[in-house]
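This is start_36.txt (compact mmCIF, C-alpha atoms).
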```txt
# COMPACT_ATOMS: atom_id res chain seq x y z
CA MET Z 1 0.00 0.00 0.00
CA ASN Z 2 1.07 3.58 -0.53
CA ALA Z 3 1.05 6.23 2.22
CA ASP Z 4 -2.46 7.42 1.40
CA GLN Z 5 -3.84 3.88 1.52
CA PHE Z 6 -2.25 3.36 4.94
CA LYS Z 7 -3.97 6.52 6.19
CA GLN Z 8 -7.30 5.42 4.78
CA ALA Z 9 -6.98 1.99 6.41
CA ALA Z 10 -6.32 3.57 9.82
CA ALA Z 11 -9.25 5.96 9.33
CA GLN Z 12 -11.58 3.08 8.43
CA ALA Z 13 -10.54 1.17 11.54
CA ALA Z 14 -11.27 4.26 13.65
CA LEU Z 15 -14.69 4.68 12.06
CA ASP Z 16 -15.57 1.05 12.78
CA TYR Z 17 -14.40 1.50 16.38
CA CYS Z 18 -16.41 4.69 16.87
CA LEU Z 19 -19.61 3.45 15.28
CA ALA Z 20 -19.56 0.32 17.44
CA LYS Z 21 -19.71 2.60 20.51
CA ALA Z 22 -21.80 5.50 19.20
CA ASP Z 23 -25.46 6.39 19.47
CA THR Z 24 -27.44 9.39 18.27
CA ASP Z 25 -26.31 11.46 21.27
CA THR Z 26 -22.59 10.72 20.90
CA VAL Z 27 -20.22 13.65 20.33
CA ILE Z 28 -17.00 12.77 18.52
CA GLY Z 29 -13.95 15.04 18.61
CA ILE Z 30 -12.28 15.50 15.24
CA GLY Z 31 -8.59 16.28 14.92
CA THR Z 32 -6.68 17.86 12.06
CA GLY Z 33 -4.59 16.52 9.19
CA SER Z 34 -4.59 14.27 6.16
CA THR Z 35 -5.40 11.04 8.02
CA VAL Z 36 -8.29 12.72 9.85
CA ASN Z 37 -9.58 14.06 6.54
CA HIS Z 38 -10.02 10.43 5.43
CA PHE Z 39 -11.94 9.77 8.66
CA ILE Z 40 -14.26 12.72 7.99
CA ARG Z 41 -15.04 11.53 4.46
CA LEU Z 42 -15.70 7.98 5.70
CA LEU Z 43 -17.92 9.30 8.52
CA ALA Z 44 -20.14 11.32 6.16
CA PRO Z 45 -22.48 8.46 5.08
CA HIS Z 46 -22.99 7.58 8.76
CA ARG Z 47 -23.55 11.10 10.12
CA GLY Z 48 -27.08 10.21 11.24
CA ARG Z 49 -25.68 7.67 13.70
CA ILE Z 50 -23.97 10.27 15.91
CA GLY Z 51 -25.12 13.40 17.68
CA ALA Z 52 -22.45 15.89 16.60
CA THR Z 53 -18.76 16.54 16.20
CA VAL Z 54 -16.37 19.06 17.75
CA ALA Z 55 -13.48 20.16 15.55
CA SER Z 56 -9.90 20.99 16.54
CA SER Z 57 -9.40 23.45 13.68
CA GLU Z 58 -11.27 25.72 11.31
CA ALA Z 59 -10.05 23.53 8.43
CA SER Z 60 -11.57 20.37 9.92
CA ALA Z 61 -14.79 22.21 10.78
CA ALA Z 62 -15.08 23.39 7.18
CA LEU Z 63 -14.60 19.86 5.82
CA LEU Z 64 -17.15 18.47 8.27
CA ARG Z 65 -19.72 21.06 7.20
CA GLU Z 66 -18.92 20.38 3.55
CA HIS Z 67 -19.97 16.78 4.20
CA HIS Z 68 -23.08 17.91 6.14
CA ILE Z 69 -21.79 16.51 9.42
CA PRO Z 70 -23.05 18.58 12.38
CA VAL Z 71 -20.36 20.63 14.17
CA ALA Z 72 -20.91 21.85 17.74
CA ASP Z 73 -19.03 24.32 19.91
CA LEU Z 74 -17.09 22.55 22.66
CA ASN Z 75 -18.65 24.81 25.30
CA ALA Z 76 -22.12 23.67 24.21
CA VAL Z 77 -21.62 19.91 24.70
CA ASP Z 78 -21.68 17.94 27.93
CA GLU Z 79 -19.11 15.35 26.90
CA VAL Z 80 -16.83 14.30 24.06
CA ALA Z 81 -17.01 10.50 24.00
CA ILE Z 82 -14.13 9.80 21.60
CA TYR Z 83 -11.49 12.09 20.12
CA VAL Z 84 -9.94 10.88 16.86
CA ASP Z 85 -6.70 12.45 15.66
CA GLY Z 86 -3.39 11.68 14.01
CA ALA Z 87 0.20 12.18 15.15
CA ASP Z 88 3.50 13.38 13.73
CA GLU Z 89 5.31 10.85 15.96
CA ILE Z 90 4.05 8.30 18.48
CA ASN Z 91 5.95 5.92 20.77
CA ARG Z 92 5.19 2.70 22.64
CA GLU Z 93 3.71 4.63 25.59
CA LEU Z 94 1.40 6.35 23.06
CA GLU Z 95 3.05 9.67 23.83
CA MET Z 96 3.06 11.89 20.76
CA ILE Z 97 4.42 14.91 19.01
CA LYS Z 98 1.57 16.76 17.31
CA GLY Z 99 1.11 20.16 15.76
CA GLY Z 100 2.75 19.87 12.36
CA GLY Z 101 -0.50 21.26 10.99
CA GLY Z 102 -0.55 24.05 13.56
CA ALA Z 103 -3.67 23.02 15.50
CA LEU Z 104 -1.89 21.71 18.63
CA THR Z 105 -3.64 23.88 21.24
CA ARG Z 106 -7.18 22.99 20.23
CA GLU Z 107 -6.09 19.39 19.73
CA LYS Z 108 -4.73 19.28 23.25
CA ILE Z 109 -7.94 20.77 24.64
CA LEU Z 110 -10.04 18.11 22.93
CA ALA Z 111 -7.69 15.37 24.11
CA ALA Z 112 -8.07 16.63 27.67
CA VAL Z 113 -11.86 16.75 27.46
CA ALA Z 114 -12.45 13.45 25.68
CA ARG Z 115 -13.33 10.31 27.58
CA GLU Z 116 -11.23 8.33 25.11
CA PHE Z 117 -8.46 9.44 22.75
CA VAL Z 118 -7.95 7.32 19.63
CA CYS Z 119 -4.86 8.04 17.53
CA ILE Z 120 -4.82 6.99 13.88
CA ALA Z 121 -1.48 6.76 12.10
CA ASP Z 122 0.50 4.95 9.46
CA GLN Z 123 3.64 2.97 10.31
CA SER Z 124 5.98 5.86 9.41
CA LYS Z 125 4.83 7.74 12.55
CA TRP Z 126 5.83 4.91 14.95
CA VAL Z 127 9.13 5.72 16.73
CA ASP Z 128 11.22 4.39 19.60
CA HIS Z 129 11.97 7.89 20.88
CA LEU Z 130 10.27 11.22 20.22
CA GLY Z 131 12.06 14.27 18.88
CA ARG Z 132 13.28 13.75 15.34
CA PHE Z 133 10.15 15.60 14.22
CA PRO Z 134 10.54 19.27 15.24
CA LEU Z 135 8.46 20.04 18.33
CA PRO Z 136 5.87 22.76 17.63
CA VAL Z 137 5.33 25.42 20.30
CA GLU Z 138 2.48 27.94 20.07
CA VAL Z 139 3.43 31.32 21.50
CA ILE Z 140 1.88 34.72 22.15
CA PRO Z 141 3.35 36.97 19.41
CA MET Z 142 5.06 39.41 21.81
CA ALA Z 143 6.85 36.48 23.50
CA ARG Z 144 8.33 34.93 20.35
CA SER Z 145 11.94 36.04 20.95
CA HIS Z 146 11.80 35.28 24.68
CA VAL Z 147 10.47 31.77 24.09
CA GLY Z 148 13.10 31.20 21.40
CA ARG Z 149 15.86 32.07 23.87
CA GLN Z 150 14.38 29.73 26.47
CA LEU Z 151 14.22 26.91 23.93
CA ARG Z 152 17.88 27.47 23.06
CA ALA Z 153 18.72 27.21 26.75
CA LEU Z 154 17.09 23.78 26.71
CA GLY Z 155 19.32 22.69 23.82
CA ALA Z 156 16.86 23.22 21.00
CA ASN Z 157 17.38 24.99 17.71
CA PRO Z 158 14.18 27.08 17.43
CA ALA Z 159 12.77 28.16 14.07
CA TRP Z 160 9.89 30.63 13.78
CA ARG Z 161 7.30 29.25 11.34
CA GLN Z 162 7.04 32.56 9.47
CA GLY Z 163 3.82 33.30 7.64
CA THR Z 164 1.81 30.95 9.85
CA ILE Z 165 -0.82 32.25 12.26
CA THR Z 166 -2.76 29.70 14.33
CA ASP Z 167 -6.55 29.67 14.56
CA ASN Z 168 -6.00 31.35 17.93
CA GLY Z 169 -4.05 34.25 16.40
CA ASN Z 170 -0.64 33.15 17.68
CA TYR Z 171 2.79 32.26 16.28
CA LEU Z 172 4.44 28.86 16.02
CA ILE Z 173 8.05 28.02 16.81
CA ASP Z 174 9.42 24.62 15.76
CA ALA Z 175 12.03 23.32 18.20
CA HIS Z 176 14.60 21.24 16.32
CA ASP Z 177 17.38 19.02 17.69
CA LEU Z 178 15.67 17.83 20.88
CA TYR Z 179 16.05 14.13 20.03
CA PRO Z 180 15.72 12.02 22.05
CA ILE Z 181 12.98 13.54 24.21
CA ALA Z 182 12.87 11.59 27.48
CA PRO Z 183 11.07 11.79 29.76
CA ALA Z 184 8.51 13.51 27.55
CA ARG Z 185 6.18 14.41 30.41
CA ALA Z 186 8.89 16.40 32.19
CA LEU Z 187 9.72 18.44 29.07
CA GLU Z 188 6.03 19.05 28.38
CA GLU Z 189 5.57 20.52 31.85
CA ARG Z 190 8.75 22.58 31.61
CA LEU Z 191 7.74 24.12 28.29
CA ASN Z 192 4.27 24.90 29.60
CA ASN Z 193 5.85 26.98 32.37
CA ILE Z 194 7.71 29.35 30.01
CA PRO Z 195 5.84 32.69 30.05
CA GLY Z 196 4.33 33.32 26.63
CA VAL Z 197 3.94 29.65 25.70
CA VAL Z 198 0.31 28.86 24.94
CA CYS Z 199 0.83 25.17 24.31
CA ASN Z 200 3.48 22.73 23.10
CA GLY Z 201 3.11 19.74 20.82
CA LEU Z 202 4.10 17.05 23.33
CA PHE Z 203 1.11 14.88 24.20
CA ALA Z 204 2.66 12.93 27.06
CA LEU Z 205 0.74 14.05 30.14
CA ARG Z 206 -2.38 12.97 28.24
CA PRO Z 207 -1.29 10.24 25.80
CA ALA Z 208 -3.62 8.33 23.51
CA ASP Z 209 -5.73 5.52 24.94
CA LEU Z 210 -5.63 3.53 21.72
CA LEU Z 211 -3.45 3.63 18.61
CA LEU Z 212 -4.77 2.24 15.35
CA LEU Z 213 -1.54 1.80 13.41
CA ALA Z 214 -1.69 0.92 9.72
CA ARG Z 215 1.11 -1.47 8.75
CA ASP Z 216 1.82 -3.69 5.76
CA SER Z 217 0.22 -6.56 7.66
CA GLY Z 218 -2.97 -4.59 8.45
CA VAL Z 219 -4.20 -2.20 11.13
CA GLU Z 220 -2.83 -3.03 14.57
CA SER Z 221 -4.61 -1.97 17.78
CA ILE Z 222 -2.07 -0.85 20.40
CA ARG Z 223 -2.74 0.17 24.00
CA PRO Z 224 -0.15 2.18 25.96
CA ARG Z 225 2.66 0.41 27.74
CA PRO Z 226 2.54 1.45 31.40
CA HIS Z 227 5.35 3.68 32.71
```

Mind turning this structure into structure tokens?
Amino acid sequence: MNADQFKQAAAQAALDYCLAKADTDTVIGIGTGSTVNHFIRLLAPHRGRIGATVASSEASAALLREHHIPVADLNAVDEVAIYVDGADEINRELEMIKGGGGALTREKILAAVAREFVCIADQSKWVDHLGRFPLPVEVIPMARSHVGRQLRALGANPAWRQGTITDNGNYLIDAHDLYPIAPARALEERLNNIPGVVCNGLFALRPADLLLLARDSGVESIRPRPH
């Protein structure tokens, strides 16, 4: 299979998983990215079987509406049953780097709210150690230089993602050269404490509950290995 077929296989597995648990009141959180876009398209014929969706980005919300799938505001729903999203990297503990598409803050909010977090990915995203993919950090614009200096002090090579403004109106800095990130939870907390940081792309304090990983041999269901 090619890369796109792997993504579609993971998305189909996630749809099957969600529909087996869903009823007409179920709210499903929808992430951002190419694999999630497959999930949205596959969900469209079954939209009557769920209550609504909550989107992690304006791009995903637009695609959901294009397919006539109801989109709700997170503040208006009582619970998000399942959050489905991809990853830029994911390890055996189901800790992730996310945010290559720039939606990390809203993605992290949905992950925190959801009762269950299902990650869908192809085999190229599976890693032994996080950090080869540059770690995205969303920052308040006035704090960009300060945060960059703090990232350098941590050993990173920060690069401002010029021309990119998040859905929240902020800047993104990509922190290169942090490999290997371990322990990921400690770095996530440390970055969160830098004044001006809105969010960082480490999903270690709240890892995925289930990974549906598309491999040559099929889609594998992986639960996190305990710390």

If the box runs along x, y and z of the file and leaves 4 Å on each side of range 185-199 of chain Z, what are its centre and edge lengths in Å, one decimal, as AutoDock Vina command-line options?
```
--center_x 5.0 --center_y 23.9 --center_z 28.3 --size_x 17.4 --size_y 26.9 --size_z 16.1
```

Per residue of range 98-173 of chain Z within 8 Å of range 78-88 of chain Z, record the nearest atom pair and its distance in Å to one decimal, counting all atoms listed in the file, with rows in chain order and ascending residue number, as a tab-separated table.
```
residue	atom	partner	partner_atom	distance
Z:Lys98	CA	Z:Ala87	CA	5.2
Z:Gly99	CA	Z:Asp88	CA	7.5
Z:Gly100	CA	Z:Asp88	CA	6.7
Z:Leu110	CA	Z:Tyr83	CA	6.8
Z:Ala111	CA	Z:Tyr83	CA	6.4
Z:Val113	CA	Z:Val80	CA	6.5
Z:Ala114	CA	Z:Val80	CA	4.7
Z:Arg115	CA	Z:Ala81	CA	5.1
Z:Glu116	CA	Z:Ile82	CA	4.8
Z:Phe117	CA	Z:Tyr83	CA	4.8
Z:Val118	CA	Z:Val84	CA	4.9
Z:Cys119	CA	Z:Asp85	CA	5.1
Z:Ile120	CA	Z:Gly86	CA	4.9
Z:Ala121	CA	Z:Gly86	CA	5.6
Z:Lys125	CA	Z:Asp88	CA	5.9
Z:Phe133	CA	Z:Asp88	CA	7.0
```

Problem - Test item: residues at most 10 Å from range 71-74 of chain Z, all atoms listed in the file, excluding those fewer than 3 positions along its chain, as number ranges by chain - result: Z: 27-30, 51-56, 60-62, 64-65, 68, 77-80, 109-110, 113

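Across the structure, CA of Thr35 in chain Z and CA of Val197 in chain Z are spaced 27.3 Å apart.
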
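Considering the residues Z:Asp128, Z:Glu189, Z:Asp174, Z:Glu220 and counting only C-alpha atoms, Ala156 in chain Z has its shortest atom-to-atom contact with Z:Asp174.
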
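Using only C-alpha atoms, the smallest distance between any of Z:Asn157, Z:Thr24, Z:Asn2, Z:Ser145 and Pro70 in chain Z comes from Z:Thr24.
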
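Of the residues listed (Z:Ile173, Z:Ala153, Z:Ala3, Z:Ala14), Z:Ala14 shows the shortest atom-to-atom separation from Val219 in chain Z; distances use only C-alpha atoms.
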
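The smallest atom-to-atom distance between Asp177 in chain Z and any of Z:Gly218, Z:Leu135, Z:Asp4, Z:Asn200, using only C-alpha atoms, is found for Z:Leu135.
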
Contacts of range 41-49 of chain Z at 7 Å or less, counting all atoms listed in the file, minus same-chain residues fewer than 5 places along, as a PDB file with C-alpha atoms, in the coordinates of the input?
```pdb
ATOM      1  CA  GLN Z  12     -11.580   3.080   8.430  1.00  0.00           C
ATOM      2  CA  LEU Z  15     -14.690   4.680  12.060  1.00  0.00           C
ATOM      3  CA  ASP Z  23     -25.460   6.390  19.470  1.00  0.00           C
ATOM      4  CA  THR Z  24     -27.440   9.390  18.270  1.00  0.00           C
ATOM      5  CA  HIS Z  67     -19.970  16.780   4.200  1.00  0.00           C
ATOM      6  CA  ILE Z  69     -21.790  16.510   9.420  1.00  0.00           C
TER       7      ILE Z  69
END
```

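Using only C-alpha atoms for every distance, the candidate list Z:Asp216, Z:Glu89, Z:Asp16, Z:Glu138 yields Z:Glu89 as the residue closest to Tyr179 in chain Z.
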
Handout entry: Separation of CA of Thr105 in chain Z from CA of Gly155 in chain Z in Å
Key = 23.1 Å

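Near Gln5 in chain Z, within 10 Å and counting all atoms listed in the file, sit Met1, Asn2, Ala3, Lys7, Gln8, Ala9, Ala10, Ala11, Thr35, His38, Asp122 and Ala214 of chain Z; same-chain residues fewer than 2 positions away were not included.
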
Practice task
Work out how far apart CA of Glu93 in chain Z and CA of Leu213 in chain Z are and give it in Å to one decimal.
Solution key: 13.6 Å

Near Pro136 in chain Z, counting only C-alpha atoms, which residues have an atom at most 10 Å away, once you skip same-chain residues fewer than 4 positions from it, shown as an mmCIF file with C-alpha atoms, in the frame of the given file?
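So the final result, stored in out13.cif, reads:
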```cif
data_model
loop_
_atom_site.group_PDB
_atom_site.id
_atom_site.type_symbol
_atom_site.label_atom_id
_atom_site.label_comp_id
_atom_site.auth_asym_id
_atom_site.auth_seq_id
_atom_site.Cartn_x
_atom_site.Cartn_y
_atom_site.Cartn_z
ATOM 1 C CA ILE Z 97 4.420 14.910 19.010
ATOM 2 C CA LYS Z 98 1.570 16.760 17.310
ATOM 3 C CA GLY Z 99 1.110 20.160 15.760
ATOM 4 C CA GLY Z 100 2.750 19.870 12.360
ATOM 5 C CA GLY Z 101 -0.500 21.260 10.990
ATOM 6 C CA GLY Z 102 -0.550 24.050 13.560
ATOM 7 C CA ALA Z 103 -3.670 23.020 15.500
ATOM 8 C CA LEU Z 104 -1.890 21.710 18.630
ATOM 9 C CA PRO Z 158 14.180 27.080 17.430
ATOM 10 C CA ALA Z 159 12.770 28.160 14.070
ATOM 11 C CA TRP Z 160 9.890 30.630 13.780
ATOM 12 C CA ARG Z 161 7.300 29.250 11.340
ATOM 13 C CA LEU Z 172 4.440 28.860 16.020
ATOM 14 C CA ILE Z 173 8.050 28.020 16.810
ATOM 15 C CA ASP Z 174 9.420 24.620 15.760
ATOM 16 C CA ALA Z 175 12.030 23.320 18.200
ATOM 17 C CA HIS Z 176 14.600 21.240 16.320
ATOM 18 C CA CYS Z 199 0.830 25.170 24.310
ATOM 19 C CA ASN Z 200 3.480 22.730 23.100
ATOM 20 C CA GLY Z 201 3.110 19.740 20.820
ATOM 21 C CA LEU Z 202 4.100 17.050 23.330
#
```

Handout entry: Of the listed residues Z:Ala13, Z:Ala182, Z:Asn37, Z:Gly148, that which approaches Glu66 in chain Z most closely, counting all atoms listed in the file
Key = Z:Asn37

Practice task
Would you mind listing what lies within 6 Å of Val139 in chain Z as a list of chain:residue names, with all atoms listed in the file counted and same-chain residues fewer than 5 positions away left out?
Solution key: Z:Asn170, Z:Tyr171, Z:Gly196, Z:Val197, Z:Val198

Take range 139-154 of chain Z, bring it up to N, CA and C atoms, and give me the output as a tab-separated table (two decimals), in the frame of the given file.
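This is the output file result-v8.tsv:
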```tsv
chain	number	residue	atom	x	y	z
Z	139	VAL	N	3.02	30.24	20.60
Z	139	VAL	CA	3.43	31.32	21.50
Z	139	VAL	C	2.63	32.59	21.22
Z	140	ILE	N	2.43	33.38	22.29
Z	140	ILE	CA	1.88	34.72	22.15
Z	140	ILE	C	2.87	35.54	21.30
Z	141	PRO	N	2.41	36.29	20.31
Z	141	PRO	CA	3.35	36.97	19.41
Z	141	PRO	C	4.41	37.80	20.11
Z	142	MET	N	4.07	38.55	21.16
Z	142	MET	CA	5.06	39.41	21.81
Z	142	MET	C	6.16	38.61	22.53
Z	143	ALA	N	5.90	37.32	22.76
Z	143	ALA	CA	6.85	36.48	23.50
Z	143	ALA	C	7.73	35.63	22.58
Z	144	ARG	N	7.63	35.82	21.28
Z	144	ARG	CA	8.33	34.93	20.35
Z	144	ARG	C	9.83	34.88	20.62
Z	145	SER	N	10.49	36.03	20.75
Z	145	SER	CA	11.94	36.04	20.95
Z	145	SER	C	12.31	35.46	22.30
Z	146	HIS	N	11.53	35.80	23.33
Z	146	HIS	CA	11.80	35.28	24.68
Z	146	HIS	C	11.71	33.75	24.69
Z	147	VAL	N	10.65	33.22	24.10
Z	147	VAL	CA	10.47	31.77	24.09
Z	147	VAL	C	11.59	31.12	23.29
Z	148	GLY	N	11.98	31.73	22.18
Z	148	GLY	CA	13.10	31.20	21.40
Z	148	GLY	C	14.37	31.09	22.22
Z	149	ARG	N	14.66	32.12	23.02
Z	149	ARG	CA	15.86	32.07	23.87
Z	149	ARG	C	15.76	30.95	24.91
Z	150	GLN	N	14.58	30.79	25.48
Z	150	GLN	CA	14.38	29.73	26.47
Z	150	GLN	C	14.53	28.34	25.84
Z	151	LEU	N	14.08	28.19	24.62
Z	151	LEU	CA	14.22	26.91	23.93
Z	151	LEU	C	15.70	26.62	23.64
Z	152	ARG	N	16.45	27.66	23.26
Z	152	ARG	CA	17.88	27.47	23.06
Z	152	ARG	C	18.57	27.02	24.34
Z	153	ALA	N	18.13	27.58	25.46
Z	153	ALA	CA	18.72	27.21	26.75
Z	153	ALA	C	18.46	25.75	27.08
Z	154	LEU	N	17.40	25.19	26.50
Z	154	LEU	CA	17.09	23.78	26.71
Z	154	LEU	C	17.78	22.87	25.69
```
